[in-house]
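These notes concern the structure reproduced below.
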Number of protein chains: 6
Amino acid sequence: MFFHKQELQYKSTPEKPDAVYARKLQEVLGGQYGEITVAMQYMFQAWNMHIPGKYRDLVYGIGAEEFGHVEMLATMITQLLEKAPVGITEDAVQDDPTVAAIVGGMDVQHAIVAGAGARPVDSNGNPWMGSYIIGSGNLLADFTANANAEMQGRLQVARLYHMTDDSGVRDLLSFLLARDTMHQNQWLAAIEELKADGLEQLPVPSNFPQKKEHTEVSYQYQNFSDGQQASEGTWAGGPSPDGNGEFTYHDGPTTTAQMPAVTHPDARIYGTTDVPNRVEKIAGTVQDKLHRE
Amino acid sequence: MFFHKQELQYKSTPEKPDAVYARKLQEVLGGQYGEITVAMQYMFQAWNMHIPGKYRDLVYGIGAEEFGHVEMLATMITQLLEKAPVGITEDAVQDDPTVAAIVGGMDVQHAIVAGAGARPVDSNGNPWMGSYIIGSGNLLADFTANANAEMQGRLQVARLYHMTDDSGVRDLLSFLLARDTMHQNQWLAAIEELKADGLEQLPVPSNFPQKKEHTEVSYQYQNFSDGQQASEGTWAGGPSPDGNGEFTYHDGPTTTAQMPAVTHPDARIYGTTDVPNRVEKIAGTVQDKLHRE
Amino acid sequence: MFFHKQELQYKSTPEKPDAVYARKLQEVLGGQYGEITVAMQYMFQAWNMHIPGKYRDLVYGIGAEEFGHVEMLATMITQLLEKAPVGITEDAVQDDPTVAAIVGGMDVQHAIVAGAGARPVDSNGNPWMGSYIIGSGNLLADFTANANAEMQGRLQVARLYHMTDDSGVRDLLSFLLARDTMHQNQWLAAIEELKADGLEQLPVPSNFPQKKEHTEVSYQYQNFSDGQQASEGTWAGGPSPDGNGEFTYHDGPTTTAQMPAVTHPDARIYGTTDVPNRVEKIAGTVQDKLHRE
Amino acid sequence: MFFHKQELQYKSTPEKPDAVYARKLQEVLGGQYGEITVAMQYMFQAWNMHIPGKYRDLVYGIGAEEFGHVEMLATMITQLLEKAPVGITEDAVQDDPTVAAIVGGMDVQHAIVAGAGARPVDSNGNPWMGSYIIGSGNLLADFTANANAEMQGRLQVARLYHMTDDSGVRDLLSFLLARDTMHQNQWLAAIEELKADGLEQLPVPSNFPQKKEHTEVSYQYQNFSDGQQASEGTWAGGPSPDGNGEFTYHDGPTTTAQMPAVTHPDARIYGTTDVPNRVEKIAGTVQDKLHRE
Amino acid sequence: MFFHKQELQYKSTPEKPDAVYARKLQEVLGGQYGEITVAMQYMFQAWNMHIPGKYRDLVYGIGAEEFGHVEMLATMITQLLEKAPVGITEDAVQDDPTVAAIVGGMDVQHAIVAGAGARPVDSNGNPWMGSYIIGSGNLLADFTANANAEMQGRLQVARLYHMTDDSGVRDLLSFLLARDTMHQNQWLAAIEELKADGLEQLPVPSNFPQKKEHTEVSYQYQNFSDGQQASEGTWAGGPSPDGNGEFTYHDGPTTTAQMPAVTHPDARIYGTTDVPNRVEKIAGTVQDKLHRE
Amino acid sequence: MFFHKQELQYKSTPEKPDAVYARKLQEVLGGQYGEITVAMQYMFQAWNMHIPGKYRDLVYGIGAEEFGHVEMLATMITQLLEKAPVGITEDAVQDDPTVAAIVGGMDVQHAIVAGAGARPVDSNGNPWMGSYIIGSGNLLADFTANANAEMQGRLQVARLYHMTDDSGVRDLLSFLLARDTMHQNQWLAAIEELKADGLEQLPVPSNFPQKKEHTEVSYQYQNFSDGQQASEGTWAGGPSPDGNGEFTYHDGPTTTAQMPAVTHPDARIYGTTDVPNRVEKIAGTVQDKLHRE
């Protein structure tokens, strides 16, 4: 169950409205790596988790915080939109030339659809989608997904930080940056803890018997481009991070196979084949029966 | 530039057709973490990279391999579909009761749209989307995304391995599992190399001055759920992985702020307010002018 | 069957082109609550309706009108785009500073894709989607959906009215506003008529036996936030609109239940569990067999 | 801010797993009218609301409850999936013919992607989208949207009730049905209260001056189909629900207008016109300059 | 304007319900090449057309017919769904084993969402999207798009023909097949007429001055794969269909260029570069100022 | 298999950055008819093709070239973005008024998400989708789809040519225009060759027995609009392009059928019907049983 409190985790008030910036801020509210994504991702991971205790408490504990971040951003966006221009473009532009940038740069649906309100979309107006998130039940994979989400998220907030000098907005962003610092660190710590607890190892999924994979190519770097410097990396020689192999470097593939013959599906598929009269040839079959009907 | 060779990296021929399994295999071809995703993700990262040399050679080198994996899976799927039922359901079911599962379980668009061919969709028929991928220009964030993609991908292939006993399909999957093992390891090695080379550090992005974030909360675990065991994790005490802080544990938020007052946007937005006759009050303004027209 | 007549229901000619406004007008053509939505929604409701007569005649009668509204808007948009800038941005901006707003604010696909034509998209360029509409077969639910669509639609047209002073555009909008007034009223009248005819009652669906629901909580307002004023509403006390109950007010939930234990799905799912060697433990089972292969 | 409690509002445990039903239940979790939709819709309405007090407390109070409903359904779905078949189709079907229905009817991504977990998708696997929701700032429109959402939602739950005889699932559904009864009633009560409080009237938006609309057609039923019985409805005669007009009935449109002339956009658009050599004709213009370059 | 008549262009009544087939039929109602696509595509082409007369009359004339085809299919689907199973899977399967195929193979949203009604989706439940259609204003391009749509559509209907032996369904399909025959022929005739009328030529767009293109490669077949037989086609030698050139065959590219140097965008983008301390170096610039704040 | 070479097919370097143009250029990279579309479409056609030899070599040969075009455009876009403004809007606008157009007109995700990099989206930021492409196995249909794609693509590039005067960009576009000229011609040549080889004829699919279609209407132009000039076209009289019929012209439909009676699905669907107490009437049935439970 979720309980809502009409307070914010941190103050979220701009110095002054800025409709163009409101649009940009939508990215970290409703984008691929926005706060809706992490809130929903952590909650679905909690619901899909097959192990009780500290790891599940962890995703529950943060997931609920992230819904509060969605709220702080939505609240900020509505304030940034308070003076969004809803009048006639030409008049506005003539009154103040800098308005041209606003008219061009704001999300017009902020005014037309949401009435100067926030929306569950990214900075280009694409709606948030359930396909942004993952909850696989395998915690090593999922916590890596989470670390990535917090990295991409903090990166985007850092970029947004430089796109405004509104001290109120920057104050909120400095708070979000700090929380993203925490969450990056926390997922990386949790990944190490999973290993230390003996619950998961590399490669994911670690209890799939590695002998069933085609082990000859399990630690080969195969270069399908013609840049030579990839051979200089630690991924091209020396022990692999999972501790199970030794990297080797190869120019191109080490195996090859002939393409299989083209398929000849049922004639009723009407694909182009080199047996154009194939239908007639197979009298007595289902095809023949159908064509006679 | 890309050059195509009419060979496969590994043999990809099933023992016998299986239209239901063809549908399942679409997940690792055209799903969120399928081969199209990694191929496109690595290529866009190459094109967006701001540093030449080994890291760019790396993403180019693997990206091109992954397009070959798309091809192996597409080729496998067309063969699995070679005997896909295109006739009348009821007849088929009466002929062979096990056909019921096929009729229910196959992707009907495989027959109707693609003529017994593969499609750029996942196992539920959702089309592949550009929003599955990321190329941010920040390599530490992107390589973490890549590690996650290879983990989720290998996990899905391992699950699919158990859903068939066709030795031809399993042979291909064992090859893909091995390559995913390599790629997981390689991205993790590349992450360490980025740090060793002094190019990136944690937290991402590391050259954003951390003093600009609200540092009081940068290493606090704040528990927004009521599970107590999250306090036992390494994320709740001790040094943080980025080496810059010390974790602390807190039940709930450590900061709080009042919700800002509700906004009062332009009356022409027609939002519900407690100033219902507000339009009339502001004679002389733009609103007034418009309402008089 | 549908028959087209090369006339419009109302005149649709702007005084002068305005490419930025053309983009905004796309919202009520191809947006969530645009004319394509109502046209398609009413038609699907007609086709899905299980009762002949006045209600089906009603949705057919309006649905066909709405397709004509799509046409009026598309026609208006092509005229607004007649002078859309297709030349070089910098030149244009230098010639006339107000062009900057146009360049920034127009839908670039209007020029590049549609050749100065209308498109089945909203004002942010999101394509119209079949998931915007509903036709459930239950008329009380669907007519409520229709009333909402007409309300949101009229609201958006009213907002758009203030974003232009082109008398030709305003003339068309004044016509659409009037029709939306009609359609709002009409669906509300139809809702009342459904009840008066004894066909449907509240709550939807009314012939589901209400005794099968958990009636203890059927009329409880449960407040999951900490705002106290919701207790003052008519929804927190007194008779309910369906005539079947009496509202009561409660701070928070009136029932509670323990979370069920975590699930332990098949080991071949490779989820993280506290039984890491579980696969080995179940010798003799299907898992065991598969791992031995 | 949101706080999570590791309890459920109501018990959510099935008697036994049922992977096909798990798929069906996804509709009311992640579908167009599922619990994610109402949770997000009410929250965005709260954040976009321009009036403090009882109405905002109301949407906050219910929105948080709905997130708890998402959780109950996700929890139920993971349990229904606990025995989801992950093995070989043919074997399974031979062991037990009824398995054919399961194999065909389950959501294969439940196993392959989510590891026997719930997902933010509908019963056909379409991801939840931000475009399902509305928060316009106009409460009369939005509460009508909410009433519709609760009606469609209760209708779907009622249908799902008959698709299982699992007493545990039915118990949860009976709880959800009751809450949907409450929420339908509550939004209808809130609509009446808005009017009684003098905040909003029909038609939405009521403070747009109705004299600006083309009032001749504001209360005309215009029949664009040939069914005659629509003339018998209360929408075809008598006073309109908004109290501002009198309905009249008309066969077809009461106004008509000529189609405007086709447009002739810039030649660089390369549209087909009856002036094929138009580019040459306009020497001295921008087009001419570009073609001479 | 559109007028609806409560008649069908052709009879559309199945012999008996078949919920699985109803799902399959959705493809030609709401799929990529279904009837909604052609109806909407032709109408948008009419609205975007810059030339009055026979070509515009043509798209108007067919577009309206196609909306009637949508109706025939929707009507057929609702009848096929009349006995759709809405009860308990297990019971149904035990009563009749062939029901397993139905349970697995039907679109569950047909029952849960649409109440045994048709939906604007394809056979996998993906909603129809505005991005399926094109109306570019260039008639030669658009009529080619139309010819393709009718070809893909007739192909899909032919495939569907074999998936049923219901004489009512086949009767409707035989009508649709005939109309698709007409429409394929008609678009191909219209393409020739455009050329004969001197309005358009190949290549599209023909009035773009071909001398501005890099003419050296305008008629070269460049083979980027290693299959040699492409050299045998008429596309590899002899005159080109546009009459403007002579085809030549080349193994691989005939031009090549170095990759440009990597870009170095603003440091505030936080991309990984080989100038890690670049921010400090550019004291006095905007970056410097921001970092000092 | 695919092999990548770190060279471009043609030089791709702009004279100077232009972030607004970068956004426009996204259309031909990631739009409906962009280079990702043709690359993926040709490859899937190759994988789905049922006939080896020259036709398959053809699609392989071009498909790989198109991936190289994706690369050239992505490379161009990153360079156009090199100076993308990431600072504060107001400052920038005051410094240089023409910046207003840039601020309004650029794709903000280029900066926030991709760090001055290219993205797999169109010029409005819509992600590329698998549903843009087709590979049906029928080559006559698919090559027509390809001809259309190259026509729409060249048309869009021609439009984009006029939106810049950057000689570097124009140089690349002149190369792409030439290749599109080749590819249009080549698909048209391949269509004729398919017929000459006796593999396919019109109408598609040609081996579906035309006698099974409702031949009375196979060559009738039926005009569902009131424009009279469509009767003047070659599609309204004379021999049809497929050589199988003679066109005739008809005002409106030549057949008609009554609408079937409304359906009465299972009462548990809770659709509105004129048999409100129908559930009770069918005692002894499944419905009755369920309602008694």
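Following the order of the structure tokens, chains are lettered A, B, ..., residues in each are numbered from 1, and ligands are numbered from 1.
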With the cut-off set at 9 Å and counting only C-alpha atoms, tabulate each residue of chain E with an atom at most that distance from an atom of chain D, showing the nearest atom pair and its distance in Å to one decimal, ordered by chain and increasing number, as JSON lines.
```
{"residue": "E:Phe2", "atom": "CA", "partner": "D:Phe224", "partner_atom": "CA", "distance": 7.4}
{"residue": "E:Phe3", "atom": "CA", "partner": "D:Phe224", "partner_atom": "CA", "distance": 5.1}
{"residue": "E:His4", "atom": "CA", "partner": "D:Ser225", "partner_atom": "CA", "distance": 4.3}
{"residue": "E:Lys5", "atom": "CA", "partner": "D:Asp226", "partner_atom": "CA", "distance": 5.4}
{"residue": "E:Gln6", "atom": "CA", "partner": "D:Asp226", "partner_atom": "CA", "distance": 6.3}
{"residue": "E:Trp47", "atom": "CA", "partner": "D:Val262", "partner_atom": "CA", "distance": 8.7}
{"residue": "E:Asn48", "atom": "CA", "partner": "D:Val262", "partner_atom": "CA", "distance": 8.4}
{"residue": "E:Met49", "atom": "CA", "partner": "D:Val262", "partner_atom": "CA", "distance": 7.0}
{"residue": "E:His50", "atom": "CA", "partner": "D:Val262", "partner_atom": "CA", "distance": 5.2}
{"residue": "E:Ile51", "atom": "CA", "partner": "D:Thr273", "partner_atom": "CA", "distance": 5.0}
{"residue": "E:Pro52", "atom": "CA", "partner": "D:Val262", "partner_atom": "CA", "distance": 6.6}
{"residue": "E:Pro85", "atom": "CA", "partner": "D:Met163", "partner_atom": "CA", "distance": 8.8}
{"residue": "E:Val86", "atom": "CA", "partner": "D:Met163", "partner_atom": "CA", "distance": 5.9}
{"residue": "E:Gly87", "atom": "CA", "partner": "D:Met163", "partner_atom": "CA", "distance": 4.5}
{"residue": "E:Ile88", "atom": "CA", "partner": "D:Met163", "partner_atom": "CA", "distance": 4.4}
{"residue": "E:Thr89", "atom": "CA", "partner": "D:Met163", "partner_atom": "CA", "distance": 6.9}
{"residue": "E:Glu90", "atom": "CA", "partner": "D:Thr98", "partner_atom": "CA", "distance": 7.5}
{"residue": "E:Val93", "atom": "CA", "partner": "D:Thr98", "partner_atom": "CA", "distance": 6.4}
{"residue": "E:Gln94", "atom": "CA", "partner": "D:Thr98", "partner_atom": "CA", "distance": 7.5}
{"residue": "E:Pro97", "atom": "CA", "partner": "D:Thr98", "partner_atom": "CA", "distance": 7.5}
{"residue": "E:Val99", "atom": "CA", "partner": "D:Ala101", "partner_atom": "CA", "distance": 8.0}
{"residue": "E:Ala100", "atom": "CA", "partner": "D:Ala101", "partner_atom": "CA", "distance": 4.4}
{"residue": "E:Ala101", "atom": "CA", "partner": "D:Ala101", "partner_atom": "CA", "distance": 6.2}
{"residue": "E:Ile102", "atom": "CA", "partner": "D:Ala101", "partner_atom": "CA", "distance": 8.0}
{"residue": "E:Val103", "atom": "CA", "partner": "D:Ala101", "partner_atom": "CA", "distance": 6.0}
{"residue": "E:Gly104", "atom": "CA", "partner": "D:Gly105", "partner_atom": "CA", "distance": 3.7}
{"residue": "E:Gly105", "atom": "CA", "partner": "D:Gly104", "partner_atom": "CA", "distance": 6.5}
{"residue": "E:Met106", "atom": "CA", "partner": "D:Gly105", "partner_atom": "CA", "distance": 8.3}
{"residue": "E:Asp107", "atom": "CA", "partner": "D:Asn124", "partner_atom": "CA", "distance": 7.5}
{"residue": "E:Val108", "atom": "CA", "partner": "D:Ser123", "partner_atom": "CA", "distance": 6.9}
{"residue": "E:Gln109", "atom": "CA", "partner": "D:Ser123", "partner_atom": "CA", "distance": 6.8}
{"residue": "E:Ala111", "atom": "CA", "partner": "D:Arg159", "partner_atom": "CA", "distance": 7.8}
{"residue": "E:Ile112", "atom": "CA", "partner": "D:Gln156", "partner_atom": "CA", "distance": 5.5}
{"residue": "E:Val113", "atom": "CA", "partner": "D:Gln156", "partner_atom": "CA", "distance": 6.4}
{"residue": "E:Gly115", "atom": "CA", "partner": "D:Arg159", "partner_atom": "CA", "distance": 8.5}
{"residue": "E:Asn124", "atom": "CA", "partner": "D:Asn124", "partner_atom": "CA", "distance": 7.3}
{"residue": "E:Gly125", "atom": "CA", "partner": "D:Asn124", "partner_atom": "CA", "distance": 6.0}
{"residue": "E:Asn126", "atom": "CA", "partner": "D:Asn126", "partner_atom": "CA", "distance": 6.9}
{"residue": "E:Pro127", "atom": "CA", "partner": "D:Asn126", "partner_atom": "CA", "distance": 8.8}
{"residue": "E:Ser136", "atom": "CA", "partner": "D:Gly271", "partner_atom": "CA", "distance": 7.3}
{"residue": "E:Gly137", "atom": "CA", "partner": "D:Gly271", "partner_atom": "CA", "distance": 4.6}
{"residue": "E:Asn138", "atom": "CA", "partner": "D:Gly271", "partner_atom": "CA", "distance": 4.4}
{"residue": "E:Leu139", "atom": "CA", "partner": "D:Thr272", "partner_atom": "CA", "distance": 5.9}
{"residue": "E:Leu140", "atom": "CA", "partner": "D:Thr272", "partner_atom": "CA", "distance": 8.1}
{"residue": "E:Gly198", "atom": "CA", "partner": "D:Pro276", "partner_atom": "CA", "distance": 8.2}
{"residue": "E:Leu199", "atom": "CA", "partner": "D:Pro276", "partner_atom": "CA", "distance": 6.3}
{"residue": "E:Glu200", "atom": "CA", "partner": "D:Thr272", "partner_atom": "CA", "distance": 7.2}
{"residue": "E:Val204", "atom": "CA", "partner": "D:Tyr270", "partner_atom": "CA", "distance": 9.0}
{"residue": "E:Pro205", "atom": "CA", "partner": "D:Tyr270", "partner_atom": "CA", "distance": 6.3}
{"residue": "E:Ser206", "atom": "CA", "partner": "D:Tyr270", "partner_atom": "CA", "distance": 8.4}
{"residue": "E:Asn207", "atom": "CA", "partner": "D:Tyr270", "partner_atom": "CA", "distance": 7.2}
{"residue": "E:Phe208", "atom": "CA", "partner": "D:Tyr270", "partner_atom": "CA", "distance": 7.7}
{"residue": "E:Pro209", "atom": "CA", "partner": "D:His291", "partner_atom": "CA", "distance": 7.7}
```
Those selected residues, please, written with N, CA and C atoms and delivered as a compact mmCIF listing (two decimals), in the first residue's frame.
```txt
# COMPACT_ATOMS: atom_id res chain seq x y z
N PHE E 2 -19.34 13.47 -45.15
CA PHE E 2 -19.61 12.05 -45.30
C PHE E 2 -21.04 11.76 -44.84
N PHE E 3 -21.71 10.93 -45.62
CA PHE E 3 -23.06 10.50 -45.25
C PHE E 3 -23.06 8.99 -45.13
N HIS E 4 -23.68 8.50 -44.07
CA HIS E 4 -23.69 7.06 -43.82
C HIS E 4 -25.05 6.48 -44.17
N LYS E 5 -25.03 5.31 -44.76
CA LYS E 5 -26.27 4.61 -45.11
C LYS E 5 -26.25 3.26 -44.42
N GLN E 6 -27.32 2.89 -43.75
CA GLN E 6 -27.32 1.66 -42.98
C GLN E 6 -27.55 0.45 -43.87
N TRP E 47 -7.08 15.44 -49.24
CA TRP E 47 -7.01 16.74 -48.55
C TRP E 47 -5.70 17.46 -48.84
N ASN E 48 -4.63 16.70 -49.08
CA ASN E 48 -3.31 17.31 -49.32
C ASN E 48 -3.03 17.55 -50.80
N MET E 49 -3.99 17.24 -51.68
CA MET E 49 -3.70 17.32 -53.11
C MET E 49 -3.75 18.76 -53.60
N HIS E 50 -2.81 19.12 -54.47
CA HIS E 50 -2.68 20.49 -54.95
C HIS E 50 -3.25 20.66 -56.35
N ILE E 51 -3.96 19.66 -56.83
CA ILE E 51 -4.48 19.72 -58.19
C ILE E 51 -5.92 19.20 -58.16
N PRO E 52 -6.86 20.01 -58.67
CA PRO E 52 -8.26 19.57 -58.66
C PRO E 52 -8.51 18.65 -59.86
N PRO E 85 -15.92 -17.47 -26.08
CA PRO E 85 -15.97 -18.03 -24.73
C PRO E 85 -15.59 -16.97 -23.71
N VAL E 86 -16.45 -16.75 -22.74
CA VAL E 86 -16.13 -15.79 -21.68
C VAL E 86 -16.10 -16.48 -20.33
N GLY E 87 -16.24 -17.80 -20.34
CA GLY E 87 -16.27 -18.53 -19.08
C GLY E 87 -14.89 -19.01 -18.68
N ILE E 88 -14.88 -20.05 -17.88
CA ILE E 88 -13.65 -20.54 -17.27
C ILE E 88 -12.93 -21.47 -18.24
N THR E 89 -11.68 -21.19 -18.46
CA THR E 89 -10.88 -21.94 -19.42
C THR E 89 -10.93 -23.43 -19.17
N GLU E 90 -10.63 -23.83 -17.97
CA GLU E 90 -10.49 -25.25 -17.69
C GLU E 90 -11.80 -26.01 -17.96
N VAL E 93 -12.27 -26.30 -21.73
CA VAL E 93 -11.37 -27.25 -22.36
C VAL E 93 -11.80 -28.67 -22.09
N GLN E 94 -12.28 -28.93 -20.88
CA GLN E 94 -12.72 -30.28 -20.57
C GLN E 94 -13.99 -30.66 -21.32
N PRO E 97 -12.29 -30.61 -26.26
CA PRO E 97 -10.85 -30.39 -26.43
C PRO E 97 -10.50 -29.35 -27.49
N VAL E 99 -11.71 -26.68 -27.90
CA VAL E 99 -11.81 -25.34 -27.34
C VAL E 99 -10.44 -24.80 -26.94
N ALA E 100 -9.50 -25.71 -26.70
CA ALA E 100 -8.17 -25.26 -26.30
C ALA E 100 -7.59 -24.30 -27.33
N ALA E 101 -7.76 -24.64 -28.58
CA ALA E 101 -7.24 -23.77 -29.64
C ALA E 101 -7.91 -22.41 -29.59
N ILE E 102 -9.21 -22.41 -29.32
CA ILE E 102 -9.93 -21.14 -29.27
C ILE E 102 -9.44 -20.30 -28.11
N VAL E 103 -9.33 -20.93 -26.95
CA VAL E 103 -8.91 -20.21 -25.76
C VAL E 103 -7.52 -19.61 -25.99
N GLY E 104 -6.65 -20.41 -26.58
CA GLY E 104 -5.31 -19.90 -26.82
C GLY E 104 -5.24 -18.90 -27.95
N GLY E 105 -6.09 -19.07 -28.95
CA GLY E 105 -5.90 -18.32 -30.17
C GLY E 105 -6.73 -17.07 -30.32
N MET E 106 -7.70 -16.85 -29.46
CA MET E 106 -8.51 -15.65 -29.65
C MET E 106 -7.80 -14.43 -29.06
N ASP E 107 -8.26 -13.24 -29.46
CA ASP E 107 -7.78 -11.99 -28.90
C ASP E 107 -8.58 -11.75 -27.63
N VAL E 108 -7.93 -11.87 -26.47
CA VAL E 108 -8.68 -11.78 -25.22
C VAL E 108 -9.30 -10.39 -25.01
N GLN E 109 -8.73 -9.38 -25.63
CA GLN E 109 -9.34 -8.05 -25.49
C GLN E 109 -10.68 -7.96 -26.23
N ALA E 111 -13.03 -9.90 -25.82
CA ALA E 111 -14.02 -10.13 -24.76
C ALA E 111 -13.91 -9.10 -23.65
N ILE E 112 -12.70 -8.92 -23.11
CA ILE E 112 -12.54 -8.11 -21.89
C ILE E 112 -12.78 -6.63 -22.15
N VAL E 113 -12.28 -6.12 -23.27
CA VAL E 113 -12.36 -4.68 -23.54
C VAL E 113 -13.58 -4.32 -24.38
N GLY E 115 -16.23 -6.31 -25.35
CA GLY E 115 -17.51 -6.95 -25.14
C GLY E 115 -18.00 -7.68 -26.37
N ASN E 124 -2.42 -9.03 -33.86
CA ASN E 124 -1.68 -9.20 -32.61
C ASN E 124 -2.09 -8.18 -31.55
N GLY E 125 -3.15 -7.41 -31.83
CA GLY E 125 -3.64 -6.47 -30.85
C GLY E 125 -2.91 -5.14 -30.83
N ASN E 126 -2.00 -4.89 -31.78
CA ASN E 126 -1.35 -3.58 -31.85
C ASN E 126 -2.34 -2.56 -32.38
N PRO E 127 -2.50 -1.43 -31.70
CA PRO E 127 -3.44 -0.41 -32.17
C PRO E 127 -3.03 0.17 -33.52
N SER E 136 1.90 12.62 -49.47
CA SER E 136 3.05 13.52 -49.61
C SER E 136 2.78 14.71 -50.53
N GLY E 137 1.65 14.66 -51.23
CA GLY E 137 1.40 15.72 -52.20
C GLY E 137 1.99 15.41 -53.57
N ASN E 138 2.90 14.46 -53.64
CA ASN E 138 3.46 14.05 -54.94
C ASN E 138 2.72 12.80 -55.38
N LEU E 139 1.95 12.91 -56.44
CA LEU E 139 1.01 11.84 -56.79
C LEU E 139 1.69 10.59 -57.31
N LEU E 140 2.82 10.72 -57.97
CA LEU E 140 3.49 9.53 -58.49
C LEU E 140 3.99 8.68 -57.33
N GLY E 198 1.75 14.33 -68.62
CA GLY E 198 2.89 15.23 -68.47
C GLY E 198 3.00 15.85 -67.09
N LEU E 199 2.34 15.27 -66.11
CA LEU E 199 2.37 15.87 -64.78
C LEU E 199 3.56 15.40 -63.94
N GLU E 200 3.90 14.14 -64.08
CA GLU E 200 5.02 13.59 -63.32
C GLU E 200 5.80 12.63 -64.19
N VAL E 204 11.05 10.18 -59.14
CA VAL E 204 10.31 11.08 -58.24
C VAL E 204 11.31 11.80 -57.35
N PRO E 205 11.23 13.10 -57.13
CA PRO E 205 10.36 14.05 -57.83
C PRO E 205 11.05 14.49 -59.10
N SER E 206 10.33 14.47 -60.20
CA SER E 206 10.98 14.61 -61.50
C SER E 206 11.40 16.04 -61.81
N ASN E 207 10.79 17.04 -61.18
CA ASN E 207 11.24 18.39 -61.50
C ASN E 207 12.36 18.89 -60.59
N PHE E 208 12.89 18.05 -59.76
CA PHE E 208 14.16 18.39 -59.10
C PHE E 208 15.23 18.23 -60.19
N PRO E 209 16.05 19.26 -60.41
CA PRO E 209 17.02 19.21 -61.52
C PRO E 209 18.03 18.09 -61.30
```
**Item:** All alpha helix (DSSP H) positions in region 54-291 of chain D, as a PyMOL selection string
**Value:** chain D and resi 54-80+89-95+99-105+108-112+139-161+167-196+278-281+286-291
(Q) If we count only C-alpha atoms and set the cut-off at 10 Å, which residues sit around Thr255 (chain B), ignoring sequence neighbours fewer than 2 positions away in its own chain? Please answer as a list of chain:residue names. (A)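 Here the answer would be A:Leu8, A:Gln9, A:Tyr10, A:Lys11, B:Glu216, B:Val217, B:Gly252, B:Pro253, B:Ala257.
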**OP:** Might you pull out every residue within 8 Å of Val70 (chain F), with only C-alpha atoms counted and same-chain residues fewer than 5 positions away left off, and present them as a PyMOL selection string?
**Re:** chain F and resi 29+35-36
Would you export the selected residues with C-alpha atoms as an mmCIF file, in the first residue's frame, please?
```
data_model
loop_
_atom_site.group_PDB
_atom_site.id
_atom_site.type_symbol
_atom_site.label_atom_id
_atom_site.label_comp_id
_atom_site.auth_asym_id
_atom_site.auth_seq_id
_atom_site.Cartn_x
_atom_site.Cartn_y
_atom_site.Cartn_z
ATOM 1 C CA LEU F 29 17.683 8.773 -40.922
ATOM 2 C CA GLU F 35 17.498 4.947 -44.249
ATOM 3 C CA ILE F 36 16.887 2.658 -41.251
#
```
>> So that I can see what lies close to region 238-250 of chain B, please list as a PyMOL selection string the residues with an atom at most 8 Å from it, counting only C-alpha atoms and leaving out residues fewer than 5 positions away in the same chain.
In response: (chain A and resi 185-186+188-189) or (chain B and resi 201-203+218-223+231)
Keeping only C-alpha atoms, write those residues as a short mmCIF file (atom, residue, chain, number, x, y, z; two decimals), in the first residue's frame.
```cif
data_model
loop_
_atom_site.label_atom_id
_atom_site.label_comp_id
_atom_site.auth_asym_id
_atom_site.auth_seq_id
_atom_site.Cartn_x
_atom_site.Cartn_y
_atom_site.Cartn_z
CA ASN A 185 26.43 3.99 -5.46
CA GLN A 186 23.75 1.94 -3.81
CA LEU A 188 26.76 -0.84 -7.33
CA ALA A 189 27.07 -1.80 -3.66
CA GLN B 201 34.96 7.99 -12.64
CA LEU B 202 31.93 7.45 -10.49
CA PRO B 203 29.42 8.95 -10.08
CA SER B 218 24.44 12.23 -1.44
CA TYR B 219 25.15 9.11 0.59
CA GLN B 220 21.98 8.68 2.66
CA TYR B 221 19.84 5.61 2.31
CA GLN B 222 16.34 6.93 2.94
CA ASN B 223 13.79 4.21 3.43
CA SER B 231 19.44 -1.27 6.88
#
```
